[in-house]
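Text of run-v1.cif, listed as mmCIF, C-alpha atoms:
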data_start
loop_
_atom_site.label_atom_id
_atom_site.label_comp_id
_atom_site.auth_asym_id
_atom_site.auth_seq_id
_atom_site.Cartn_x
_atom_site.Cartn_y
_atom_site.Cartn_z
CA MET E 1 0.00 0.00 0.00
CA GLN E 2 3.03 2.23 0.52
CA TRP E 3 3.18 3.08 -3.16
CA LYS E 4 -0.29 4.58 -3.01
CA ASN E 5 0.97 7.27 -0.63
CA ASN E 6 3.75 8.19 -2.99
CA PRO E 7 2.41 10.70 -5.54
CA ASP E 8 5.55 10.32 -7.66
CA PHE E 9 5.33 6.54 -7.89
CA ARG E 10 3.88 6.47 -11.39
CA ASP E 11 6.64 8.77 -12.67
CA GLU E 12 9.27 6.71 -10.90
CA LEU E 13 7.81 3.59 -12.46
CA ARG E 14 7.87 5.15 -15.91
CA ASN E 15 11.60 5.85 -15.55
CA MET E 16 12.42 2.62 -13.79
CA PRO E 17 14.57 0.08 -15.68
CA THR E 18 12.48 -2.77 -17.04
CA ALA E 19 14.37 -5.34 -14.97
CA GLN E 20 13.38 -3.51 -11.81
CA VAL E 21 9.71 -3.31 -12.83
CA ARG E 22 9.79 -7.05 -13.47
CA GLU E 23 11.31 -7.66 -10.06
CA LEU E 24 8.55 -5.61 -8.43
CA LEU E 25 5.94 -7.64 -10.29
CA ARG E 26 7.54 -10.92 -9.23
CA GLU E 27 7.60 -9.74 -5.63
CA GLU E 28 3.98 -8.65 -5.66
CA ALA E 29 2.78 -11.88 -7.29
CA ARG E 30 4.50 -13.81 -4.50
CA ALA E 31 2.91 -11.72 -1.75
CA GLU E 32 0.46 -13.35 0.64
CA GLU E 33 -2.22 -10.89 -0.43
CA PRO E 34 -1.24 -9.50 -3.80
CA ASP E 35 -2.19 -5.88 -4.40
CA GLY E 36 -4.34 -5.97 -7.51
CA ASP E 37 -3.91 -2.28 -8.33
CA LEU E 38 -0.14 -2.50 -8.10
CA ILE E 39 -0.03 -5.65 -10.22
CA ARG E 40 -2.14 -3.97 -12.89
CA LEU E 41 0.05 -0.88 -12.81
CA LEU E 42 3.21 -2.97 -13.17
CA THR E 43 1.85 -5.18 -15.94
CA ASP E 44 0.51 -2.10 -17.77
CA THR E 45 3.96 -0.53 -17.58
CA LEU E 46 5.65 -3.66 -18.92
CA GLU E 47 3.00 -4.11 -21.58
CA GLU E 48 3.45 -0.51 -22.71
CA ARG E 49 7.15 -1.17 -23.19
CA GLU E 50 6.38 -4.34 -25.16
CA GLN E 51 4.24 -2.24 -27.48
CA ARG E 52 7.01 0.19 -28.33
CA PRO E 53 7.82 0.05 -32.04
CA GLN E 54 11.27 -1.51 -31.62
CA SER E 55 9.88 -4.45 -29.65
CA LYS E 56 6.71 -4.91 -31.66
CA GLU E 57 8.13 -7.09 -34.39
CA LEU E 58 7.72 -10.78 -33.63
CA THR E 59 10.61 -13.19 -33.69
CA ALA E 60 10.15 -16.54 -35.47
CA GLY E 61 9.72 -18.26 -32.10
CA GLU E 62 7.07 -15.81 -30.94
CA GLU E 63 5.31 -16.02 -34.27
CA ALA E 64 5.01 -19.82 -34.06
CA VAL E 65 3.70 -19.81 -30.48
CA TRP E 66 1.24 -17.02 -31.25
CA ALA E 67 -0.07 -18.85 -34.33
CA ARG E 68 -0.58 -21.97 -32.22
CA TYR E 69 -2.51 -19.99 -29.62
CA LYS E 70 -4.71 -18.30 -32.21
CA SER E 71 -5.57 -21.55 -33.92
CA SER E 72 -6.40 -23.23 -30.60
CA LYS E 73 -8.56 -20.26 -29.66
CA GLU E 74 -10.38 -20.26 -32.99
CA GLU E 75 -10.98 -23.97 -32.67
CA ALA E 76 -12.47 -23.50 -29.19
CA VAL E 77 -14.78 -20.74 -30.40
CA ARG E 78 -15.82 -22.93 -33.36
CA ARG E 79 -16.49 -25.85 -31.03
CA ARG E 80 -18.65 -23.68 -28.79
CA SER E 81 -20.78 -22.40 -31.64
CA GLY E 82 -20.82 -25.88 -33.19
CA LYS E 83 -22.35 -27.29 -30.03
CA LEU E 84 -25.60 -25.55 -30.83
CA LYS E 85 -25.68 -26.92 -34.36
CA ARG E 86 -24.87 -30.41 -33.09
CA ARG E 87 -27.77 -30.17 -30.66
CA ILE E 88 -30.14 -29.63 -33.55
CA VAL E 89 -28.77 -32.62 -35.46
CA GLN E 90 -29.05 -34.81 -32.37
CA ALA E 91 -32.53 -33.53 -31.72
CA VAL E 92 -33.62 -34.68 -35.15
CA ALA E 93 -32.82 -38.22 -33.99
CA ALA E 94 -34.70 -37.48 -30.78
CA ALA E 95 -37.67 -36.29 -32.73
CA ALA E 96 -38.37 -39.75 -34.07
CA ALA E 97 -38.99 -41.05 -30.57
CA ALA E 98 -40.53 -37.92 -29.18
CA CYS E 99 -42.96 -37.06 -31.93
CA ILE E 100 -44.90 -40.28 -31.59
CA LEU E 101 -46.00 -39.20 -28.15
CA LEU E 102 -46.12 -35.48 -28.55
CA PHE E 103 -48.28 -35.65 -31.61
CA ALA E 104 -50.36 -38.37 -30.10
CA VAL E 105 -51.46 -35.93 -27.40
CA PRO E 106 -54.89 -34.73 -28.35
CA ARG E 107 -55.21 -30.98 -28.11
CA ALA E 108 -58.33 -31.36 -26.00
CA ALA E 109 -56.78 -33.88 -23.63
CA ASN E 110 -57.36 -32.99 -20.03
CA ALA E 111 -54.41 -31.94 -17.92
CA SER E 112 -53.91 -35.10 -15.91
CA ASN E 113 -54.04 -37.38 -18.95
CA PHE E 114 -51.65 -35.16 -20.77
CA PHE E 115 -49.28 -35.14 -17.86
CA GLU E 116 -49.46 -38.89 -17.32
CA MET E 117 -48.58 -39.46 -20.95
CA ILE E 118 -45.62 -37.17 -20.70
CA ALA E 119 -44.54 -38.81 -17.45
CA ARG E 120 -44.70 -42.26 -19.03
CA TRP E 121 -42.85 -40.97 -22.02
CA THR E 122 -40.06 -39.54 -19.92
CA GLU E 123 -39.80 -42.72 -17.89
CA ASP E 124 -39.39 -44.68 -21.08
CA LEU E 125 -37.05 -42.26 -22.68
CA PHE E 126 -34.78 -41.31 -19.84
CA GLU E 127 -32.57 -43.62 -17.93
CA LEU E 128 -31.59 -42.69 -14.42
CA PHE E 129 -27.95 -42.95 -13.70
CA ASN E 130 -25.54 -41.75 -11.08
CA SER E 131 -23.87 -38.60 -12.27
CA GLU E 132 -21.34 -37.74 -9.64
CA GLY E 133 -19.51 -34.55 -10.43
CA GLN E 134 -21.75 -33.49 -13.23
CA ARG E 135 -23.98 -31.17 -11.35
CA GLY E 136 -22.87 -27.70 -10.37
CA SER E 137 -24.09 -25.43 -7.67
CA LYS E 138 -25.79 -22.13 -8.19
CA ALA E 139 -25.11 -18.50 -7.68
CA GLU E 140 -27.39 -16.64 -5.27
CA TYR E 141 -30.92 -16.98 -6.57
CA ILE E 142 -33.65 -14.37 -6.52
CA PHE E 143 -36.87 -14.91 -8.40
CA GLN E 144 -37.64 -11.60 -10.07
CA THR E 145 -40.37 -11.16 -12.65
CA ASP E 146 -43.25 -8.89 -13.60
CA ASN E 147 -45.12 -11.86 -15.04
CA GLU E 148 -47.86 -12.64 -12.50
CA ASP E 149 -48.53 -16.06 -14.08
CA LEU E 150 -44.95 -17.14 -13.52
CA ARG E 151 -44.98 -15.66 -10.04
CA GLN E 152 -48.00 -17.85 -9.27
CA VAL E 153 -46.15 -20.96 -10.48
CA TYR E 154 -43.08 -19.97 -8.49
CA ASP E 155 -45.15 -19.52 -5.30
CA ALA E 156 -46.61 -23.01 -5.76
CA VAL E 157 -43.14 -24.47 -6.31
CA VAL E 158 -41.86 -22.78 -3.15
CA ARG E 159 -44.87 -24.12 -1.23
CA ILE E 160 -43.93 -27.73 -2.01
CA GLY E 161 -40.44 -27.03 -0.66
CA VAL E 162 -38.29 -26.31 -3.70
CA THR E 163 -35.53 -23.76 -3.12
CA ASP E 164 -33.55 -24.35 -6.32
CA PRO E 165 -34.26 -22.37 -9.48
CA ALA E 166 -37.03 -24.25 -11.23
CA VAL E 167 -39.36 -21.72 -12.83
CA PRO E 168 -38.43 -19.42 -15.72
CA MET E 169 -38.73 -15.72 -14.99
CA TRP E 170 -39.66 -15.15 -18.59
CA LEU E 171 -41.93 -16.80 -21.16
CA PRO E 172 -43.10 -15.39 -24.49
CA GLU E 173 -45.88 -12.87 -23.84
CA SER E 174 -48.42 -14.95 -25.72
CA CYS E 175 -48.18 -17.74 -23.10
CA LYS E 176 -50.98 -17.35 -20.60
CA LEU E 177 -51.44 -19.54 -17.55
CA ILE E 178 -54.34 -21.97 -17.77
CA GLU E 179 -53.86 -23.71 -14.43
CA VAL E 180 -51.35 -24.59 -11.73
CA LYS E 181 -51.81 -27.94 -10.09
CA GLU E 182 -50.11 -28.55 -6.77
CA THR E 183 -49.85 -32.12 -5.50
CA PRO E 184 -48.03 -32.31 -2.18
CA ALA E 185 -47.03 -35.81 -1.09
CA PRO E 186 -44.55 -37.24 1.42
CA LYS E 187 -42.25 -38.87 -1.10
CA ARG E 188 -42.69 -36.68 -4.13
CA SER E 189 -44.56 -33.40 -4.40
CA ARG E 190 -45.41 -32.01 -7.79
CA VAL E 191 -46.32 -28.69 -9.34
CA HIS E 192 -47.63 -28.83 -12.86
CA ALA E 193 -48.42 -25.59 -14.68
CA ARG E 194 -50.13 -25.38 -18.06
CA PHE E 195 -49.79 -22.39 -20.33
CA SER E 196 -51.40 -21.71 -23.67
CA ASN E 197 -50.92 -19.23 -26.47
CA GLY E 198 -54.37 -20.02 -27.79
CA VAL E 199 -53.02 -22.60 -30.22
CA ARG E 200 -50.56 -24.79 -28.38
CA GLU E 201 -49.91 -25.68 -24.77
CA ALA E 202 -46.68 -25.33 -22.85
CA THR E 203 -46.02 -26.91 -19.48
CA VAL E 204 -43.70 -26.37 -16.55
CA THR E 205 -43.44 -29.33 -14.19
CA VAL E 206 -41.45 -29.61 -10.99
CA ASP E 207 -41.12 -32.80 -8.92
CA PHE E 208 -39.70 -32.28 -5.46
CA TYR E 209 -38.32 -35.33 -3.65
CA GLY E 210 -37.37 -33.75 -0.33
CA ALA E 211 -34.51 -36.15 0.26
CA GLU E 212 -31.42 -36.12 -1.88
CA ILE E 213 -31.79 -37.96 -5.16
CA ALA E 214 -28.32 -38.91 -6.29
CA TYR E 215 -29.34 -39.24 -9.89
CA ASP E 216 -29.22 -37.25 -12.99
CA ILE E 217 -30.97 -37.96 -16.21
CA LEU E 218 -29.48 -39.43 -19.29
CA LYS E 219 -31.40 -40.16 -22.38
CA ASP E 220 -30.45 -42.73 -24.91
CA LYS E 221 -26.99 -41.79 -26.14
CA GLU E 222 -28.23 -41.33 -29.67
CA ILE E 223 -30.52 -38.52 -28.65
CA TYR E 224 -28.52 -36.94 -25.86
CA SER E 225 -27.96 -33.22 -26.08
CA ASP E 226 -27.41 -30.71 -23.36
CA TYR E 227 -27.06 -27.05 -22.53
CA GLU E 228 -25.11 -26.04 -19.46
CA TYR E 229 -26.05 -22.85 -17.69
CA ASN E 230 -25.34 -21.75 -14.15
CA GLY E 231 -23.61 -25.04 -13.47
CA THR E 232 -26.67 -27.09 -14.36
CA VAL E 233 -26.92 -29.35 -17.37
CA HIS E 234 -30.24 -29.02 -19.17
CA HIS E 235 -31.07 -31.98 -21.38
CA ILE E 236 -32.90 -30.95 -24.51
CA ILE E 237 -35.03 -32.90 -26.91
CA LYS E 238 -36.59 -31.44 -29.99
CA ASN E 239 -39.55 -32.62 -31.92
CA GLU E 240 -40.34 -30.40 -34.88
CA ASP E 241 -40.78 -27.08 -33.05
CA VAL E 242 -41.66 -28.64 -29.71
CA TRP E 243 -38.88 -28.65 -27.18
CA THR E 244 -38.51 -30.58 -23.94
CA VAL E 245 -35.97 -29.36 -21.44
CA ILE E 246 -35.29 -31.47 -18.38
CA TRP E 247 -32.86 -30.88 -15.55
CA THR E 248 -32.27 -31.97 -12.00
CA THR E 249 -30.85 -30.73 -8.76
CA ASP E 250 -30.09 -32.71 -5.61
CA THR E 251 -33.75 -32.89 -4.62
CA MET E 252 -35.79 -32.06 -7.69
CA VAL E 253 -36.52 -32.94 -11.29
CA ALA E 254 -37.99 -30.21 -13.47
CA TYR E 255 -39.05 -29.99 -17.05
CA ILE E 256 -40.52 -27.58 -19.52
CA ILE E 257 -42.30 -28.52 -22.71
CA ILE E 258 -42.88 -25.71 -25.17
CA GLU E 259 -43.20 -24.97 -28.84
CA CYS E 260 -41.02 -22.02 -29.78
CA PRO E 261 -38.02 -20.99 -31.87
CA GLU E 262 -34.63 -22.22 -30.68
CA ASP E 263 -33.40 -18.79 -29.54
CA THR E 264 -36.49 -18.37 -27.43
CA LEU E 265 -35.86 -21.73 -25.78
CA TYR E 266 -32.38 -20.68 -24.63
CA GLN E 267 -33.82 -17.40 -23.43
CA ILE E 268 -36.33 -19.32 -21.35
CA ILE E 269 -33.66 -21.61 -19.88
CA ASP E 270 -31.41 -18.66 -19.03
CA SER E 271 -34.34 -16.90 -17.40
CA ILE E 272 -34.62 -19.73 -14.87
CA TYR E 273 -31.53 -18.24 -13.26
CA THR E 274 -31.21 -14.63 -14.31
CA THR E 275 -33.40 -11.80 -15.43
CA GLU E 276 -32.61 -9.97 -18.67
CA ALA E 277 -31.26 -7.09 -16.60
CA ASP E 278 -28.62 -9.35 -15.03
CA MET D 1 -16.53 -9.26 -27.37
CA THR D 2 -13.72 -9.57 -29.91
CA LEU D 3 -10.32 -10.86 -29.00
CA ASN D 4 -7.98 -8.00 -28.25
CA THR D 5 -5.06 -9.80 -29.88
CA ASP D 6 -2.43 -7.07 -29.90
CA ARG D 7 -2.94 -6.36 -26.26
CA LEU D 8 -3.01 -10.01 -25.27
CA LEU D 9 0.23 -10.76 -27.06
CA SER D 10 2.16 -7.80 -25.68
CA HIS D 11 0.76 -8.55 -22.28
CA ILE D 12 1.80 -12.19 -22.23
CA LYS D 13 5.17 -11.25 -23.73
CA ALA D 14 5.65 -8.98 -20.72
CA LEU D 15 4.80 -11.83 -18.38
CA ALA D 16 7.02 -14.29 -20.27
CA SER D 17 9.91 -11.86 -19.93
CA THR D 18 9.30 -11.58 -16.21
CA PHE D 19 8.47 -15.07 -14.96
CA SER D 20 10.11 -18.40 -15.65
CA VAL D 21 8.04 -21.50 -16.43
CA SER D 22 8.63 -22.79 -12.88
CA ASP D 23 6.97 -19.60 -11.61
CA ILE D 24 3.74 -20.40 -13.39
CA GLN D 25 1.69 -20.23 -10.17
CA TYR D 26 2.60 -16.54 -9.92
CA VAL D 27 1.49 -15.98 -13.48
CA ILE D 28 -1.85 -17.49 -12.48
CA VAL D 29 -1.99 -15.01 -9.58
CA VAL D 30 -1.28 -12.10 -11.90
CA ILE D 31 -3.94 -13.18 -14.39
CA LEU D 32 -6.62 -13.71 -11.74
CA VAL D 33 -5.83 -10.38 -10.13
CA GLU D 34 -5.93 -8.66 -13.51
CA LEU D 35 -9.36 -10.13 -14.08
CA GLY D 36 -10.45 -8.57 -10.82
CA ILE D 37 -11.04 -11.86 -9.00
CA PRO D 38 -10.89 -10.81 -5.33
CA ALA D 39 -8.09 -12.63 -3.51
CA LYS D 40 -10.13 -12.54 -0.30
CA LEU D 41 -12.66 -15.00 -1.74
CA GLU D 42 -12.24 -18.69 -1.02
CA GLY D 43 -13.04 -19.31 -4.68
CA TYR D 44 -9.96 -17.36 -5.72
CA HIS D 45 -7.77 -19.97 -4.01
CA PHE D 46 -9.83 -22.84 -5.41
CA LEU D 47 -9.43 -21.30 -8.86
CA LYS D 48 -5.67 -20.99 -8.47
CA THR D 49 -5.43 -24.65 -7.53
CA ALA D 50 -7.88 -25.78 -10.19
CA ILE D 51 -6.06 -23.93 -12.98
CA SER D 52 -2.74 -25.22 -11.80
CA LEU D 53 -3.99 -28.85 -11.62
CA TYR D 54 -5.80 -28.58 -14.93
CA SER D 55 -2.79 -27.13 -16.71
CA GLU D 56 -0.63 -29.97 -15.37
CA ASP D 57 -2.88 -32.79 -16.51
CA SER D 58 -6.19 -31.82 -18.05
CA ILE D 59 -7.19 -35.33 -19.08
CA ARG D 60 -6.67 -36.81 -15.63
CA MET D 61 -8.49 -33.88 -14.04
CA VAL D 62 -11.51 -34.29 -16.29
CA SER D 63 -11.72 -38.03 -15.65
CA ASN D 64 -11.05 -37.87 -11.89
CA GLY D 65 -13.13 -34.79 -11.25
CA LEU D 66 -11.37 -31.47 -10.95
CA TYR D 67 -13.49 -30.14 -8.10
CA ALA D 68 -13.07 -33.32 -6.06
CA THR D 69 -9.29 -33.13 -6.50
CA VAL D 70 -9.22 -29.47 -5.48
CA ALA D 71 -11.49 -30.20 -2.50
CA LYS D 72 -9.14 -32.96 -1.34
CA GLN D 73 -6.27 -30.49 -1.24
CA TYR D 74 -8.23 -28.20 1.07
CA GLY D 75 -9.14 -30.80 3.68
CA ARG D 76 -12.11 -32.68 4.99
CA ASN D 77 -14.54 -29.81 5.42
CA ILE D 78 -14.42 -28.80 1.79
CA SER D 79 -16.76 -30.60 -0.57
CA LYS D 80 -16.55 -30.59 -4.34
CA GLU D 81 -19.87 -28.70 -4.40
CA LEU D 82 -18.29 -25.99 -2.27
CA VAL D 83 -15.36 -25.78 -4.67
CA ASP D 84 -17.71 -25.54 -7.63
CA ARG D 85 -19.76 -22.81 -5.98
CA GLY D 86 -16.70 -20.94 -4.71
CA ILE D 87 -15.17 -20.85 -8.18
CA ARG D 88 -18.44 -19.74 -9.72
CA ASP D 89 -18.82 -16.92 -7.18
CA ALA D 90 -15.23 -15.80 -7.72
CA ILE D 91 -15.66 -15.69 -11.50
CA ARG D 92 -18.90 -13.79 -11.17
CA ALA D 93 -17.30 -11.29 -8.77
CA GLY D 94 -14.56 -10.55 -11.31
CA TRP D 95 -17.01 -10.45 -14.20
CA GLU D 96 -19.34 -8.01 -12.46
CA ASN D 97 -16.42 -5.66 -12.03
CA ARG D 98 -14.94 -6.30 -15.48
CA ALA D 99 -14.88 -2.76 -16.91
CA GLY D 100 -11.33 -1.76 -17.80
CA ARG D 101 -9.94 -5.17 -16.85
CA MET D 102 -8.42 -7.80 -19.08
CA TRP D 103 -11.62 -9.71 -19.81
CA ASP D 104 -11.62 -8.84 -23.51
CA CYS D 105 -8.06 -10.18 -23.75
CA TYR D 106 -8.48 -13.44 -21.91
CA MET D 107 -12.13 -14.38 -22.27
CA ALA D 108 -13.26 -13.46 -25.79
CA GLY D 109 -15.37 -16.16 -27.42
CA THR D 110 -16.74 -17.43 -24.11
CA ASN D 111 -20.13 -16.86 -22.53
CA CYS D 112 -19.05 -13.23 -21.94
CA ASP D 113 -20.11 -12.64 -25.53
CA LYS D 114 -23.63 -13.33 -24.37
CA MET D 115 -23.16 -10.83 -21.57
CA LYS D 116 -22.97 -13.55 -18.97
CA PRO D 117 -20.01 -14.74 -16.97
CA PRO D 118 -18.27 -17.73 -18.53
CA SER D 119 -18.92 -21.14 -17.00
CA ASN D 120 -16.27 -22.50 -14.62
CA HIS D 121 -14.98 -24.87 -17.23
CA GLU D 122 -14.81 -22.21 -19.93
CA PHE D 123 -12.99 -19.86 -17.61
CA ILE D 124 -10.42 -22.42 -16.52
CA ALA D 125 -9.90 -23.68 -20.07
CA GLU D 126 -9.30 -20.13 -21.35
CA ILE D 127 -6.78 -19.35 -18.63
CA VAL D 128 -4.98 -22.61 -19.34
CA ARG D 129 -4.84 -21.65 -23.02
CA VAL D 130 -3.27 -18.32 -22.05
CA LEU D 131 -0.81 -20.17 -19.81
CA GLU D 132 0.18 -22.35 -22.74
CA LEU D 133 0.88 -19.16 -24.68
CA PHE D 134 2.97 -17.92 -21.77
CA VAL D 135 4.96 -21.18 -21.56
CA GLY D 136 5.49 -21.23 -25.34
CA LEU D 137 6.78 -17.66 -25.39
CA ARG D 138 9.00 -18.19 -22.37
CA GLN D 139 10.51 -21.31 -23.90
CA ALA D 140 11.05 -19.44 -27.17
CA TYR D 141 12.93 -16.71 -25.25
CA GLU D 142 15.05 -19.23 -23.42
CA ARG D 143 15.85 -21.01 -26.69
CA GLU D 144 16.83 -17.72 -28.31
CA GLN D 145 19.00 -16.91 -25.33
CA TRP D 146 20.76 -20.30 -25.44
CA GLU D 147 21.35 -19.92 -29.14
CA GLN D 148 22.81 -16.46 -28.62
CA GLU D 149 25.00 -17.70 -25.79
CA GLY D 150 26.06 -20.68 -27.88
CA ARG D 151 26.97 -18.43 -30.81
CA TYR D 152 28.83 -16.15 -28.48
CA ALA D 153 30.79 -19.10 -27.02
CA VAL D 154 31.65 -20.41 -30.50
CA GLU D 155 32.78 -16.94 -31.67
CA LYS D 156 34.89 -16.61 -28.57
#
structure tokens encoding of this file:
Amino acid sequence: MQWKNNPDFRDELRNMPTAQVRELLREEARAEEPDGDLIRLLTDTLEEREQRPQSKELTAGEEAVWARYKSSKEEAVRRRSGKLKRRIVQAVAAAAAACILLFAVPRAANASNFFEMIARWTEDLFELFNSEGQRGSKAEYIFQTDNEDLRQVYDAVVRIGVTDPAVPMWLPESCKLIEVKETPAPKRSRVHARFSNGVREATVTVDFYGAEIAYDILKDKEIYSDYEYNGTVHHIIKNEDVWTVIWTTDTMVAYIIIECPEDTLYQIIDSIYTTEAD
Amino acid sequence: MTLNTDRLLSHIKALASTFSVSDIQYVIVVILVELGIPAKLEGYHFLKTAISLYSEDSIRMVSNGLYATVAKQYGRNISKELVDRGIRDAIRAGWENRAGRMWDCYMAGTNCDKMKPPSNHEFIAEIVRVLELFVGLRQAYEREQWEQEGRYAVEK
């Protein structure tokens, strides 16, 4: 902290031999509690000197290392954006299995029948397996939304004991709540919410187990696709434009079924954890 | 967020001229501090260890569980969930205070592009990539130095 009381320190640093600046940086990096401001000042000074015209030209060695870094970086960025495309391809395979049931659901089917069908479908489709190390923990969670329908679902979910993020804070405006069904039970409590845009239904379902369930969900490898956000892996299945997203925490299994464009789906998943303003 | 390549290169060149490869843990400190990760957070220390372990043997760390290995190093009271959460909190703390820091140098192409902090894995992987750049540059400097010394000895 001493340097902060020295008004001439910046000037001294500017005139200091590079070797001495490096020594200061080494010292500070080794300190028990490194001073972030000083480290930044020192690295900025060294960086500035690296940018001087005479030291800007790259040697053959630097050139080779830099090219390797850039190509590795580009590859990583490509892989990240490719993940999305791969999800779609995998979902096409998923669609074959999923569409049989999703399209078999009559529009006029009552809520419990509809849900039972989906539950059976998920039991068939998903295999429970131990997934040690896969699940992450969450940042501080605050449910924040102006959407009263979603607030109602959230309140029901909290009432059955869920404390993990389970309800999106955003859905497309056209989705209006039809009903929220709350089924408390000792072993597994459930909240099932149905939304409609006047044409199609969307559902948000949360099963709370109370005790720790040391399982995650894996679908058949052929149709497995996932989206990680906030340390949680969300398994996604696509059937035409109908998406199913399913994820778990230590004590809960939740899933959303909705027909929407792909971008909207990711927006919905993200909104489980953060508001747009975040 | 586009990669600030000029800045990144001159920055890592400065670090490679300052630290030797055996000092890599101090380079990790410098990078984390530059990203504004508060050293007072437990997650900062978890991150330091995780990056160091991952850069030593990424394949083993992925198969054995990075968080579990880090947790083991910190004793019985630390669970892998705590490590995961600590790292996440530390990254978020740096990200929330990212203005004017080195985020555009180190983290371009990650979740930051979507205006969200990168995931733990993305963050660690990006830092390890930067460390590889550091090691490569440092080795190149040492090679150049040996060659110069060798030439000098021959001329002598």
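Across the structure, CA of Ala193 in chain E and CA of Glu148 in chain E are spaced 13.1 Å apart.
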- Local residues around (-1.6, -19.8, -13.5), at most 7 Å away, using all atoms listed in the file, as a PyMOL selection string: chain D and resi 24-29+48+51-52+131
Given the file shown, enumerate the residues that the PyMOL selection byres ((chain D) within 6 of (chain E)) captures and present them as a short mmCIF file (atom, residue, chain, number, x, y, z; two decimals) with C-alpha atoms, in the frame of the given file.
data_model
loop_
_atom_site.label_atom_id
_atom_site.label_comp_id
_atom_site.auth_asym_id
_atom_site.auth_seq_id
_atom_site.Cartn_x
_atom_site.Cartn_y
_atom_site.Cartn_z
CA SER D 10 2.16 -7.80 -25.68
CA HIS D 11 0.76 -8.55 -22.28
CA ALA D 14 5.65 -8.98 -20.72
CA THR D 18 9.30 -11.58 -16.21
CA TYR D 26 2.60 -16.54 -9.92
CA VAL D 33 -5.83 -10.38 -10.13
CA ARG D 85 -19.76 -22.81 -5.98
CA GLY D 109 -15.37 -16.16 -27.42
CA GLY D 136 5.49 -21.23 -25.34
CA LEU D 137 6.78 -17.66 -25.39
CA ALA D 140 11.05 -19.44 -27.17
#
- Distance of CA of Val191 in chain E from CA of Thr205 in chain E, expressed in Å to one decimal place: 5.7 Å
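Of the residues listed (E:Val157, E:Val253, E:Cys260, E:Val245), E:Cys260 shows the shortest atom-to-atom separation from Glu173 in chain E; distances use all atoms listed in the file.
Proximity of D:Tyr74, D:Tyr54, D:Tyr67, D:Trp146 to Glu132 in chain D, computed with only C-alpha atoms, is greatest for D:Tyr54.
Against the coordinates shown, the PyMOL selection byres ((chain D and resi 34) around 7) returns Gly36 and Arg40 of chain E; Val30, Ile31, Leu32, Val33, Leu35, Gly36, Arg101 and Met102 of chain D.
Using all atoms listed in the file for every distance, the candidate list E:Ala156, E:Val204, E:Ile268, E:Ile246 yields E:Ala156 as the residue closest to Glu182 in chain E.
For the pair CA of Ala202 in chain E and CA of Ile257 in chain E, the interatomic distance is 5.4 Å.
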- Would you write out, as an MDAnalysis selection string, every residue that the PyMOL selection byres ((chain D and resi 96) around 12) captures in this file? (chainID E and resid 278) or (chainID D and resid 35:38 89:95 97:101 103 112 115:118)
